[in-house]
Amino acid sequence: MKIPTRGKPARTSAWKDKAACAAPGIDPDIFHAGEREPEQVDEARVVCNGCPVRTACLTAAYEEGDMWGIRSGLTPRQRNAHLRKAEGNIARAVTEALDDVTVLLRHLYEVHTQPTGDGHLLWTDNRHFINVRGKPYTVHQLAWLAIHGQPSVGHVQRTCDRESCVSEACLADRATRKQTRPRHERPVDRWPPSPRDGPGSDPGR
Ligand code: SF4
Ligand SMILES: [Zn+2]
């Protein structure tokens, strides 16, 4: 039975260029072997487990309504089970199936933001903390993880003057702020600093 899905359609199929199953020497038939041929299914799973685009592949499988192939190491029956548990929400199903919370964070970031038309992206939800799988995220933490797929280094700050803006271009963590600081203001990387580094040089800033 096909479960009705909720979620935005995939915007790009560029991920297919990196698909491990498209590499020379991989037999495409193992991805369509069916559950009656467990050895081939296992073989397909090994390829999927080392694939760098598992998240995109699984999201696409749900959006395309793929009822046949092994995708991201999951059979159609397993995919359906995750989708049913997630009540048809694709982002939640992918998050649960791959244990990858960034999928859900990206989904929330898309749903709760609105472009301004002049380069900014405003957060539209009025909560200060968003609970995702039992963990509270600040809006800036959520936006950073959704954009970069990894936690920030130190606090994330808005660099523009638009209240609630969470555009990629307008958020900076400590590491980004260091990189964008004028050269004469950047901390030195060695300790103790040379007298030529000038007064007040502090590598820990
Ligand atoms: S996850 Fe598996 S089926 Fe999907 S692109 Fe990667 S190797 Fe192919
Ligand atoms: Zn902005």
# chains A, B, ... in the order shown; residues from 1 in each chain; ligands from 1
call {"tool": "residues_near_ligand", "arguments": {"ligand": "ligand 2", "cutoff": "10 Å", "atoms": "only C-alpha atoms and all ligand atoms", "output": "PyMOL selection string"}}
result
chain A and resi 115-116+118-122+158-171
call {"tool": "write_last_selection", "arguments": {"atoms": "C-alpha atoms", "output": "CSV table (one decimal), in the first residue's frame"}}
result
chain,number,residue,atom,x,y,z
A,115,PRO,CA,12.7,35.2,2.1
A,116,THR,CA,12.5,39.0,2.2
A,118,ASP,CA,16.4,41.6,-0.7
A,119,GLY,CA,18.7,38.8,0.4
A,120,HIS,CA,17.5,38.0,3.9
A,121,LEU,CA,15.6,35.0,5.3
A,122,LEU,CA,13.3,35.6,8.2
A,158,ARG,CA,23.4,37.5,13.2
A,159,THR,CA,25.6,39.9,11.2
A,160,CYS,CA,22.9,41.9,9.5
A,161,ASP,CA,20.4,44.4,11.0
A,162,ARG,CA,17.2,42.4,10.1
A,163,GLU,CA,15.5,41.1,13.2
A,164,SER,CA,15.0,37.3,13.0
A,165,CYS,CA,17.2,36.9,9.9
A,166,VAL,CA,18.6,33.4,9.6
A,167,SER,CA,20.0,33.6,6.1
A,168,GLU,CA,23.2,31.6,5.6
A,169,ALA,CA,25.0,34.8,4.5
A,170,CYS,CA,23.9,36.6,7.7
A,171,LEU,CA,24.9,34.1,10.4
call {"tool": "closest_atom_pairs", "arguments": {"of": "chain A", "to": "ligand 1", "cutoff": "10 Å", "atoms": "only C-alpha atoms and all ligand atoms", "output": "Markdown table"}}
result
| residue | atom | partner | partner_atom_place_in_ligand_line | distance |
| --- | --- | --- | --- | --- |
| A:Trp15 | CA | ligand 1 | 5 (S) | 7.9 |
| A:Lys16 | CA | ligand 1 | 5 (S) | 6.3 |
| A:Asp17 | CA | ligand 1 | 5 (S) | 8.8 |
| A:Lys18 | CA | ligand 1 | 5 (S) | 7.5 |
| A:Ala19 | CA | ligand 1 | 5 (S) | 4.1 |
| A:Ala20 | CA | ligand 1 | 7 (S) | 4.3 |
| A:Cys21 | CA | ligand 1 | 7 (S) | 4.1 |
| A:Ala22 | CA | ligand 1 | 8 (Fe) | 6.8 |
| A:Ala23 | CA | ligand 1 | 7 (S) | 8.9 |
| A:Ile26 | CA | ligand 1 | 7 (S) | 9.4 |
| A:Pro28 | CA | ligand 1 | 8 (Fe) | 8.9 |
| A:Ile30 | CA | ligand 1 | 3 (S) | 9.9 |
| A:Phe31 | CA | ligand 1 | 3 (S) | 6.8 |
| A:His32 | CA | ligand 1 | 3 (S) | 9.8 |
| A:Ala44 | CA | ligand 1 | 2 (Fe) | 7.0 |
| A:Arg45 | CA | ligand 1 | 2 (Fe) | 7.0 |
| A:Val46 | CA | ligand 1 | 7 (S) | 8.5 |
| A:Val47 | CA | ligand 1 | 7 (S) | 5.3 |
| A:Cys48 | CA | ligand 1 | 2 (Fe) | 3.6 |
| A:Asn49 | CA | ligand 1 | 1 (S) | 7.0 |
| A:Gly50 | CA | ligand 1 | 7 (S) | 7.4 |
| A:Cys51 | CA | ligand 1 | 6 (Fe) | 4.6 |
| A:Pro52 | CA | ligand 1 | 6 (Fe) | 6.8 |
| A:Val53 | CA | ligand 1 | 6 (Fe) | 5.5 |
| A:Arg54 | CA | ligand 1 | 1 (S) | 4.0 |
| A:Thr55 | CA | ligand 1 | 1 (S) | 7.4 |
| A:Ala56 | CA | ligand 1 | 4 (Fe) | 7.8 |
| A:Cys57 | CA | ligand 1 | 4 (Fe) | 4.6 |
| A:Leu58 | CA | ligand 1 | 4 (Fe) | 6.6 |
| A:Thr59 | CA | ligand 1 | 4 (Fe) | 9.7 |
| A:Ala60 | CA | ligand 1 | 4 (Fe) | 9.0 |
| A:Ala61 | CA | ligand 1 | 4 (Fe) | 8.4 |
| A:Gly69 | CA | ligand 1 | 3 (S) | 7.7 |
| A:Ile70 | CA | ligand 1 | 3 (S) | 5.9 |
| A:Arg71 | CA | ligand 1 | 3 (S) | 4.1 |
| A:Ser72 | CA | ligand 1 | 1 (S) | 3.5 |
| A:Gly73 | CA | ligand 1 | 2 (Fe) | 5.8 |
| A:Leu74 | CA | ligand 1 | 2 (Fe) | 8.5 |
call {"tool": "residues_around", "arguments": {"residues": "stretch 142-150 of chain A", "least_positions_apart": "6", "cutoff": "10 Å", "atoms": "only C-alpha atoms", "output": "list in words"}}
result
Asp100, Val101, Thr102, Val103, Leu104, Leu105, Arg106, His107, Leu108, Tyr109, Glu110, Thr113, Trp123, Phe129, Ile130, Asn131, Val132, Pro136, Val156, Val166, Ser167, Glu168, Leu171, Ala172 and Asp173 of chain A
call {"tool": "write_last_selection", "arguments": {"atoms": "N, CA and C atoms", "output": "mmCIF file, in the first residue's frame"}}
result
data_model
loop_
_atom_site.group_PDB
_atom_site.id
_atom_site.type_symbol
_atom_site.label_atom_id
_atom_site.label_comp_id
_atom_site.auth_asym_id
_atom_site.auth_seq_id
_atom_site.Cartn_x
_atom_site.Cartn_y
_atom_site.Cartn_z
ATOM 1 N N ASP A 100 19.449 10.450 11.510
ATOM 2 C CA ASP A 100 20.161 11.673 11.112
ATOM 3 C C ASP A 100 19.229 12.870 11.330
ATOM 4 N N VAL A 101 19.427 13.548 12.443
ATOM 5 C CA VAL A 101 18.500 14.616 12.827
ATOM 6 C C VAL A 101 18.604 15.838 11.910
ATOM 7 N N THR A 102 19.705 15.969 11.185
ATOM 8 C CA THR A 102 19.860 17.164 10.331
ATOM 9 C C THR A 102 18.789 17.209 9.239
ATOM 10 N N VAL A 103 18.280 16.057 8.837
ATOM 11 C CA VAL A 103 17.217 16.036 7.816
ATOM 12 C C VAL A 103 15.983 16.766 8.344
ATOM 13 N N LEU A 104 15.637 16.472 9.580
ATOM 14 C CA LEU A 104 14.469 17.099 10.184
ATOM 15 C C LEU A 104 14.735 18.588 10.440
ATOM 16 N N LEU A 105 15.942 18.920 10.843
ATOM 17 C CA LEU A 105 16.273 20.326 11.085
ATOM 18 C C LEU A 105 16.192 21.118 9.781
ATOM 19 N N ARG A 106 16.676 20.530 8.688
ATOM 20 C CA ARG A 106 16.584 21.213 7.380
ATOM 21 C C ARG A 106 15.126 21.433 6.995
ATOM 22 N N HIS A 107 14.312 20.425 7.261
ATOM 23 C CA HIS A 107 12.888 20.530 6.941
ATOM 24 C C HIS A 107 12.256 21.679 7.744
ATOM 25 N N LEU A 108 12.552 21.749 9.039
ATOM 26 C CA LEU A 108 11.995 22.815 9.876
ATOM 27 C C LEU A 108 12.494 24.178 9.415
ATOM 28 N N TYR A 109 13.749 24.231 9.023
ATOM 29 C CA TYR A 109 14.333 25.492 8.541
ATOM 30 C C TYR A 109 13.596 25.967 7.280
ATOM 31 N N GLU A 110 13.272 25.030 6.417
ATOM 32 C CA GLU A 110 12.548 25.398 5.187
ATOM 33 C C GLU A 110 11.121 25.843 5.489
ATOM 34 N N THR A 113 10.806 29.530 7.482
ATOM 35 C CA THR A 113 11.525 30.726 7.022
ATOM 36 C C THR A 113 10.840 31.331 5.801
ATOM 37 N N TRP A 123 13.034 34.122 10.108
ATOM 38 C CA TRP A 123 12.444 33.020 10.876
ATOM 39 C C TRP A 123 11.022 33.410 11.249
ATOM 40 N N PHE A 129 12.811 28.195 21.655
ATOM 41 C CA PHE A 129 13.478 26.897 21.579
ATOM 42 C C PHE A 129 12.591 25.945 20.789
ATOM 43 N N ILE A 130 13.210 25.166 19.920
ATOM 44 C CA ILE A 130 12.455 24.193 19.128
ATOM 45 C C ILE A 130 12.913 22.808 19.596
ATOM 46 N N ASN A 131 11.990 22.008 20.059
ATOM 47 C CA ASN A 131 12.340 20.651 20.503
ATOM 48 C C ASN A 131 12.303 19.694 19.330
ATOM 49 N N VAL A 132 13.432 19.054 19.079
ATOM 50 C CA VAL A 132 13.506 18.084 17.991
ATOM 51 C C VAL A 132 14.053 16.783 18.561
ATOM 52 N N PRO A 136 16.256 20.437 22.880
ATOM 53 C CA PRO A 136 15.891 21.820 22.527
ATOM 54 C C PRO A 136 17.004 22.506 21.735
ATOM 55 N N VAL A 156 26.445 31.356 17.622
ATOM 56 C CA VAL A 156 26.095 31.866 16.293
ATOM 57 C C VAL A 156 25.475 33.242 16.480
ATOM 58 N N VAL A 166 17.834 34.563 9.455
ATOM 59 C CA VAL A 166 18.649 33.350 9.638
ATOM 60 C C VAL A 166 19.218 32.907 8.291
ATOM 61 N N SER A 167 19.452 33.873 7.418
ATOM 62 C CA SER A 167 20.042 33.557 6.120
ATOM 63 C C SER A 167 21.462 33.038 6.314
ATOM 64 N N GLU A 168 21.873 32.137 5.460
ATOM 65 C CA GLU A 168 23.235 31.597 5.551
ATOM 66 C C GLU A 168 24.261 32.724 5.534
ATOM 67 N N LEU A 171 24.576 34.728 9.080
ATOM 68 C CA LEU A 171 24.901 34.086 10.356
ATOM 69 C C LEU A 171 26.386 33.747 10.383
ATOM 70 N N ALA A 172 26.994 33.935 11.535
ATOM 71 C CA ALA A 172 28.425 33.613 11.664
ATOM 72 C C ALA A 172 28.682 32.979 13.021
ATOM 73 N N ASP A 173 29.468 31.906 13.049
ATOM 74 C CA ASP A 173 29.894 31.350 14.334
ATOM 75 C C ASP A 173 31.278 31.918 14.656
#
call {"tool": "atom_distance", "arguments": {"atom1": "atom CA of A:Arg79", "atom2": "atom CA of A:Pro38"}}
result
16.6 Å
call {"tool": "residues_around", "arguments": {"residues": "A:Gly154", "least_positions_apart": "3", "cutoff": "12 Å", "atoms": "only C-alpha atoms", "output": "PyMOL selection string"}}
result
chain A and resi 140-141+144+151+157+172-178+205
call {"tool": "write_last_selection", "arguments": {"atoms": "N, CA and C atoms", "output": "mmCIF file, in the first residue's frame"}}
result
data_model
loop_
_atom_site.group_PDB
_atom_site.id
_atom_site.type_symbol
_atom_site.label_atom_id
_atom_site.label_comp_id
_atom_site.auth_asym_id
_atom_site.auth_seq_id
_atom_site.Cartn_x
_atom_site.Cartn_y
_atom_site.Cartn_z
ATOM 1 N N HIS A 140 19.044 29.906 16.231
ATOM 2 C CA HIS A 140 20.342 30.003 15.555
ATOM 3 C C HIS A 140 21.046 28.648 15.470
ATOM 4 N N GLN A 141 20.948 27.857 16.532
ATOM 5 C CA GLN A 141 21.553 26.511 16.492
ATOM 6 C C GLN A 141 20.892 25.670 15.403
ATOM 7 N N TRP A 144 21.896 26.900 11.929
ATOM 8 C CA TRP A 144 23.286 26.572 11.592
ATOM 9 C C TRP A 144 23.418 25.097 11.192
ATOM 10 N N PRO A 151 27.578 21.160 13.970
ATOM 11 C CA PRO A 151 27.384 22.209 14.977
ATOM 12 C C PRO A 151 28.315 23.396 14.742
ATOM 13 N N GLN A 157 25.957 34.201 15.708
ATOM 14 C CA GLN A 157 25.408 35.558 15.804
ATOM 15 C C GLN A 157 24.924 36.028 14.440
ATOM 16 N N ALA A 172 26.994 33.935 11.535
ATOM 17 C CA ALA A 172 28.425 33.613 11.664
ATOM 18 C C ALA A 172 28.682 32.979 13.021
ATOM 19 N N ASP A 173 29.468 31.906 13.049
ATOM 20 C CA ASP A 173 29.894 31.350 14.334
ATOM 21 C C ASP A 173 31.278 31.918 14.656
ATOM 22 N N ARG A 174 31.870 31.488 15.769
ATOM 23 C CA ARG A 174 33.140 32.082 16.179
ATOM 24 C C ARG A 174 34.226 31.869 15.120
ATOM 25 N N ALA A 175 34.259 30.658 14.545
ATOM 26 C CA ALA A 175 35.294 30.374 13.538
ATOM 27 C C ALA A 175 35.128 31.278 12.321
ATOM 28 N N THR A 176 33.883 31.485 11.892
ATOM 29 C CA THR A 176 33.644 32.346 10.726
ATOM 30 C C THR A 176 34.012 33.790 11.037
ATOM 31 N N ARG A 177 33.680 34.218 12.268
ATOM 32 C CA ARG A 177 34.008 35.602 12.638
ATOM 33 C C ARG A 177 35.512 35.825 12.624
ATOM 34 N N LYS A 178 36.268 34.810 13.074
ATOM 35 C CA LYS A 178 37.728 34.943 13.065
ATOM 36 C C LYS A 178 38.241 35.101 11.644
ATOM 37 N N ARG A 205 41.384 33.962 21.510
ATOM 38 C CA ARG A 205 40.156 34.699 21.237
ATOM 39 C C ARG A 205 39.312 34.025 20.174
#
call {"tool": "closest_residue", "arguments": {"among": "A:Leu98, A:His155, A:Gly88, A:Ala81", "to": "A:Glu63", "atoms": "only C-alpha atoms"}}
result
A:Gly88
call {"tool": "select_by_dssp", "arguments": {"residues": "chain A", "states": "helix (DSSP H, G or I)", "output": "JSON, numbers by chain"}}
result
{"A": [14, 15, 16, 17, 18, 20, 21, 22, 28, 29, 30, 31, 32, 38, 39, 40, 41, 42, 43, 44, 45, 46, 47, 48, 49, 54, 55, 56, 57, 58, 59, 60, 61, 62, 63, 64, 76, 77, 78, 79, 80, 81, 82, 83, 84, 85, 90, 91, 92, 93, 94, 95, 96, 97, 98, 101, 102, 103, 104, 105, 106, 107, 108, 109, 110, 111, 139, 140, 141, 142, 143, 144, 145, 146, 147, 148, 168, 169, 170, 174, 175, 176, 177, 178, 179, 180, 183, 184, 185, 195, 196, 197]}
call {"tool": "closest_residue", "arguments": {"among": "A:Val139, A:Arg92, A:Gly134, A:Glu43", "to": "A:His112", "atoms": "only C-alpha atoms"}}
result
A:Val139
